[in-house]
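**Q** Here's a structure for you.
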Amino acid sequence: MQNKIGNITDEAHWEAYWKNYRFDEIPGKVVFKKYMIKLSRGNNFIEIGGFPGIFAAYFYKRGIKDVTILDFHMNDSIVRKLEEKNSLPKNTIQCIQADFLNFTTEKKYDVVFSSGFIEHFDNTEDIIRRHINLMSKNGQLLILIPNFLGLNGKIQQKYDKANLDAHNPKAMEIKRLKRIMEPYGFYDLSVEYIGKPMLWLEPKPENNSRRKLVKLMSYAVKLVPIKGRLLSPFIAIYARK
């Protein structure tokens, strides 16, 4: 389906998605912890698809005081409540409500970040290029993508096919992502599976009973610390100019 947000999801999808989430918890641990020593050196930060600002708040707490989120779906009052809940000064998180496909700016960022974003578009190469265009002269890029090409994808297919259909599986192909990134000639580049084995379902009301079973299965696979397509929950693209 073609729409003004991208090629796979639409505004109604994201309105329904955020109804089922809490907005106020900054994670104590993040799956991309290994990159934080490098990333925390930046002076400013932008997250693409960043509503409600949880990761912006996380980076602020770790030393980057100029933080911005860009998203088609935005609720300013929720962002301000997140700031208040986590003792951030009011209006710390700068909000840009825009369609990323139509967004332009002269400003460049030391850290360009997205999590669970690029796989909602058909043209992976174009979406990555738009991320790269926002990087400053010495900028860094971190893109996180869920891995649905292994066991977790089978879980989605069986229990929540609508969620699976909202994702582009080609955006999860490691070899393809490496081919997209290599021509840019970054000083430091990695495309890899990250995270301990994990299975999950989105917190929709219709998934309540299924999530208990999947959570038990997730505990079981954590006992098999195999990194790769079968069990790793995420793919990370890290690049530095």
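Going through the structure tokens in order, the chains are called A, B, and so on, while each chain numbers its residues from 1 and the ligands are numbered from 1 in the order shown.
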List the neighbours of stretch 62-76 of chain A out to 7 Å using only C-alpha atoms; skip same-chain residues closer than 3 positions along the sequence, and give me the result as a PyMOL selection string.
**A** chain A and resi 40+42-51+53+56+58-59+79-80+93-99
**Q** Give me, as a Markdown table, each residue of stretch 186-227 of chain A that comes within 9 Å of stretch 148-157 of chain A, together with its shortest interatomic pair and the distance in Å at one decimal, counting only C-alpha atoms, with rows ordered by chain and rising residue number.
**A**
```
| residue | atom | partner | partner_atom | distance |
| --- | --- | --- | --- | --- |
| A:Met198 | CA | A:Asn152 | CA | 7.6 |
| A:Leu199 | CA | A:Asn152 | CA | 5.4 |
| A:Trp200 | CA | A:Asn152 | CA | 7.2 |
| A:Leu201 | CA | A:Gln156 | CA | 7.0 |
| A:Val214 | CA | A:Ile155 | CA | 7.9 |
```
**Q** Would you mind exporting N, CA and C atoms of the selected residues as an mmCIF file, in the first residue's frame?
**A**
```cif
data_model
loop_
_atom_site.group_PDB
_atom_site.id
_atom_site.type_symbol
_atom_site.label_atom_id
_atom_site.label_comp_id
_atom_site.auth_asym_id
_atom_site.auth_seq_id
_atom_site.Cartn_x
_atom_site.Cartn_y
_atom_site.Cartn_z
ATOM 1 N N MET A 198 16.393 -13.556 21.929
ATOM 2 C CA MET A 198 15.165 -13.003 22.510
ATOM 3 C C MET A 198 14.014 -13.201 21.529
ATOM 4 N N LEU A 199 12.844 -13.494 22.082
ATOM 5 C CA LEU A 199 11.608 -13.582 21.301
ATOM 6 C C LEU A 199 10.596 -12.636 21.939
ATOM 7 N N TRP A 200 9.723 -12.040 21.116
ATOM 8 C CA TRP A 200 8.736 -11.124 21.696
ATOM 9 C C TRP A 200 7.532 -10.973 20.772
ATOM 10 N N LEU A 201 6.452 -10.482 21.365
ATOM 11 C CA LEU A 201 5.275 -10.029 20.639
ATOM 12 C C LEU A 201 4.959 -8.619 21.097
ATOM 13 N N VAL A 214 5.212 -16.826 24.718
ATOM 14 C CA VAL A 214 6.411 -16.388 23.996
ATOM 15 C C VAL A 214 7.495 -15.959 24.978
#
```
**Q** Within chain A, find each residue whose DSSP state, derived from the backbone, is alpha helix (DSSP H), and express the selection as a ChimeraX atom specification.
**A** /A:11-18,36-39,54-61,76-85,124-132,151-159,161-165,174-181,208-221
**Q** Please write the residues from the selection above to a file, keeping C-alpha atoms, as a compact mmCIF listing (two decimals), in the first residue's frame.
**A**
```
# COMPACT_ATOMS: atom_id res chain seq x y z
CA GLU A 11 -0.71 6.94 10.23
CA ALA A 12 -3.45 4.67 11.54
CA HIS A 13 -0.89 1.92 12.14
CA TRP A 14 1.22 4.16 14.39
CA GLU A 15 -1.74 5.62 16.26
CA ALA A 16 -2.84 2.09 17.15
CA TYR A 17 0.73 1.02 17.94
CA TRP A 18 1.41 3.74 20.51
CA MET A 36 28.04 4.11 23.73
CA ILE A 37 31.69 4.91 24.49
CA LYS A 38 31.96 6.26 20.94
CA LEU A 39 28.49 7.76 20.63
CA ILE A 54 12.96 7.62 25.28
CA PHE A 55 16.30 7.23 23.51
CA ALA A 56 16.77 10.99 23.27
CA ALA A 57 16.40 11.13 27.04
CA TYR A 58 18.82 8.21 27.38
CA PHE A 59 21.49 10.03 25.36
CA TYR A 60 20.85 13.26 27.26
CA LYS A 61 21.47 11.46 30.54
CA ASP A 76 4.23 17.08 22.62
CA SER A 77 2.47 16.66 25.97
CA ILE A 78 3.65 13.04 26.21
CA VAL A 79 7.24 14.10 25.48
CA ARG A 80 7.06 16.77 28.21
CA LYS A 81 5.66 14.24 30.70
CA LEU A 82 8.57 11.93 29.88
CA GLU A 83 10.98 14.80 30.63
CA GLU A 84 9.27 15.53 33.93
CA LYS A 85 9.18 11.86 34.96
CA THR A 124 16.04 0.55 2.31
CA GLU A 125 18.91 2.16 0.42
CA ASP A 126 17.11 5.49 0.12
CA ILE A 127 16.15 5.58 3.81
CA ILE A 128 19.72 4.83 4.89
CA ARG A 129 21.03 7.53 2.53
CA ARG A 130 18.70 10.05 4.17
CA HIS A 131 20.14 9.12 7.57
CA ILE A 132 23.69 9.57 6.27
CA LEU A 151 13.03 -17.82 14.93
CA ASN A 152 11.49 -14.52 16.02
CA GLY A 153 10.08 -14.06 12.53
CA LYS A 154 8.41 -17.47 12.79
CA ILE A 155 6.86 -16.35 16.08
CA GLN A 156 5.52 -13.20 14.40
CA GLN A 157 4.18 -15.18 11.47
CA LYS A 158 2.31 -17.59 13.72
CA TYR A 159 0.95 -15.20 16.35
CA LYS A 161 1.20 -11.77 11.07
CA ALA A 162 -0.16 -8.20 10.84
CA ASN A 163 2.94 -6.98 12.65
CA LEU A 164 5.21 -9.06 10.44
CA ASP A 165 3.54 -7.63 7.34
CA ILE A 174 23.04 -8.53 6.52
CA LYS A 175 24.78 -8.98 3.15
CA ARG A 176 22.48 -6.45 1.49
CA LEU A 177 23.00 -3.90 4.26
CA LYS A 178 26.77 -4.27 3.92
CA ARG A 179 26.54 -3.68 0.15
CA ILE A 180 24.52 -0.52 0.79
CA MET A 181 26.98 0.85 3.36
CA ASN A 208 -1.88 -10.80 26.00
CA SER A 209 -2.27 -14.56 26.41
CA ARG A 210 0.22 -15.35 23.65
CA ARG A 211 2.89 -13.08 25.13
CA LYS A 212 3.09 -15.25 28.26
CA LEU A 213 3.94 -18.30 26.16
CA VAL A 214 6.41 -16.39 24.00
CA LYS A 215 8.08 -14.97 27.11
CA LEU A 216 8.65 -18.49 28.41
CA MET A 217 10.10 -19.48 25.04
CA SER A 218 12.34 -16.41 25.17
CA TYR A 219 13.73 -17.49 28.56
CA ALA A 220 14.55 -20.87 27.01
CA VAL A 221 16.42 -19.49 23.98
```
**Q** Which residues in stretch 91-211 of chain A does DSSP call strand (DSSP E)? List them as an MDAnalysis selection string.
**A** chainID A and resid 93:97 109:115 135:146 188:194
**Q** Hey, can you spit out that residue selection with N, CA and C atoms as a compact mmCIF listing (two decimals), in the first residue's frame?
**A**
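As written to disk, selection.txt reads:
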```
# COMPACT_ATOMS: atom_id res chain seq x y z
N ILE A 93 14.00 17.93 25.06
CA ILE A 93 13.87 17.14 23.83
C ILE A 93 13.19 18.00 22.77
N GLN A 94 13.94 18.35 21.75
CA GLN A 94 13.40 19.14 20.65
C GLN A 94 12.61 18.22 19.72
N CYS A 95 11.43 18.65 19.34
CA CYS A 95 10.52 17.81 18.56
C CYS A 95 10.32 18.37 17.16
N ILE A 96 10.51 17.53 16.17
CA ILE A 96 10.22 17.89 14.78
C ILE A 96 9.17 16.92 14.27
N GLN A 97 7.98 17.43 13.99
CA GLN A 97 6.93 16.59 13.43
C GLN A 97 6.98 16.71 11.91
N TYR A 109 24.20 16.53 12.34
CA TYR A 109 24.21 15.98 13.69
C TYR A 109 25.41 15.06 13.90
N ASP A 110 25.96 15.13 15.11
CA ASP A 110 27.10 14.27 15.47
C ASP A 110 26.68 12.82 15.66
N VAL A 111 25.44 12.61 16.12
CA VAL A 111 24.90 11.26 16.26
C VAL A 111 23.55 11.21 15.57
N VAL A 112 23.44 10.35 14.56
CA VAL A 112 22.18 10.10 13.86
C VAL A 112 21.77 8.67 14.21
N PHE A 113 20.57 8.53 14.75
CA PHE A 113 20.15 7.26 15.35
C PHE A 113 18.74 6.92 14.89
N SER A 114 18.49 5.63 14.71
CA SER A 114 17.11 5.16 14.59
C SER A 114 17.03 3.73 15.08
N SER A 115 15.87 3.36 15.56
CA SER A 115 15.64 2.02 16.07
C SER A 115 14.27 1.55 15.63
N MET A 135 24.40 13.44 8.85
CA MET A 135 25.61 13.32 9.66
C MET A 135 26.52 14.54 9.49
N SER A 136 27.09 14.98 10.60
CA SER A 136 28.04 16.08 10.58
C SER A 136 29.39 15.60 10.02
N LYS A 137 30.33 16.51 9.94
CA LYS A 137 31.65 16.20 9.36
C LYS A 137 32.32 15.03 10.06
N ASN A 138 32.18 14.96 11.36
CA ASN A 138 32.74 13.85 12.15
C ASN A 138 31.64 12.99 12.76
N GLY A 139 30.52 12.92 12.07
CA GLY A 139 29.33 12.29 12.61
C GLY A 139 29.40 10.78 12.72
N GLN A 140 28.51 10.25 13.58
CA GLN A 140 28.36 8.82 13.76
C GLN A 140 26.91 8.43 13.49
N LEU A 141 26.74 7.21 13.03
CA LEU A 141 25.42 6.68 12.68
C LEU A 141 25.21 5.36 13.39
N LEU A 142 24.04 5.20 14.01
CA LEU A 142 23.66 3.90 14.55
C LEU A 142 22.21 3.63 14.17
N ILE A 143 22.02 2.54 13.44
CA ILE A 143 20.69 2.11 13.03
C ILE A 143 20.46 0.71 13.59
N LEU A 144 19.36 0.54 14.33
CA LEU A 144 18.98 -0.76 14.87
C LEU A 144 17.77 -1.28 14.12
N ILE A 145 17.83 -2.56 13.77
CA ILE A 145 16.77 -3.19 12.98
C ILE A 145 16.41 -4.51 13.65
N PRO A 146 15.13 -4.78 13.88
CA PRO A 146 14.78 -6.09 14.43
C PRO A 146 15.06 -7.19 13.41
N ASP A 188 35.01 4.02 10.00
CA ASP A 188 34.71 2.90 10.90
C ASP A 188 33.31 2.41 10.54
N LEU A 189 33.18 1.13 10.21
CA LEU A 189 31.89 0.59 9.77
C LEU A 189 31.72 -0.83 10.27
N SER A 190 30.55 -1.13 10.81
CA SER A 190 30.20 -2.51 11.14
C SER A 190 28.72 -2.73 10.89
N VAL A 191 28.40 -3.91 10.40
CA VAL A 191 27.01 -4.35 10.22
C VAL A 191 26.96 -5.74 10.83
N GLU A 192 26.23 -5.87 11.95
CA GLU A 192 26.33 -7.12 12.69
C GLU A 192 25.05 -7.42 13.47
N TYR A 193 24.90 -8.70 13.82
CA TYR A 193 23.84 -9.10 14.74
C TYR A 193 24.26 -8.72 16.16
N ILE A 194 23.31 -8.24 16.95
CA ILE A 194 23.61 -7.90 18.34
C ILE A 194 22.47 -8.38 19.25
```
**Q** Record the distance separating atom CA of A:Ile237 and atom CA of A:Asn168, expressed in Å with one decimal.
**A**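 For atom CA of A:Ile237 relative to atom CA of A:Asn168, the distance reads 16.4 Å.
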**Q** Suppose you want the space between atom CA of A:Arg240 and atom CA of A:Tyr187; what is it in Å?
**A**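 Separation between atom CA of A:Arg240 and atom CA of A:Tyr187: 5.8 Å.
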**Q** State, in Å with one decimal place, the distance from atom CA of A:Lys29 to atom CA of A:Pro197.
**A**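 Going from atom CA of A:Lys29 over to atom CA of A:Pro197 covers 15.4 Å.
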**Q** So, with only C-alpha atoms as the atoms that count, which of A:Asp24, A:Glu119, A:Asp160, A:Glu173 lies closest to A:Lys204?
**A**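 Checking each candidate against A:Lys204, we get A:Asp160 as the closest.
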**Q** Tell me which of A:Pro203, A:Gly116, A:Pro52, A:Gly185 sits closest to A:Pro233, counting only C-alpha atoms.
**A**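 Comparing A:Pro203, A:Gly116, A:Pro52, A:Gly185 against A:Pro233, the winner is A:Gly116.
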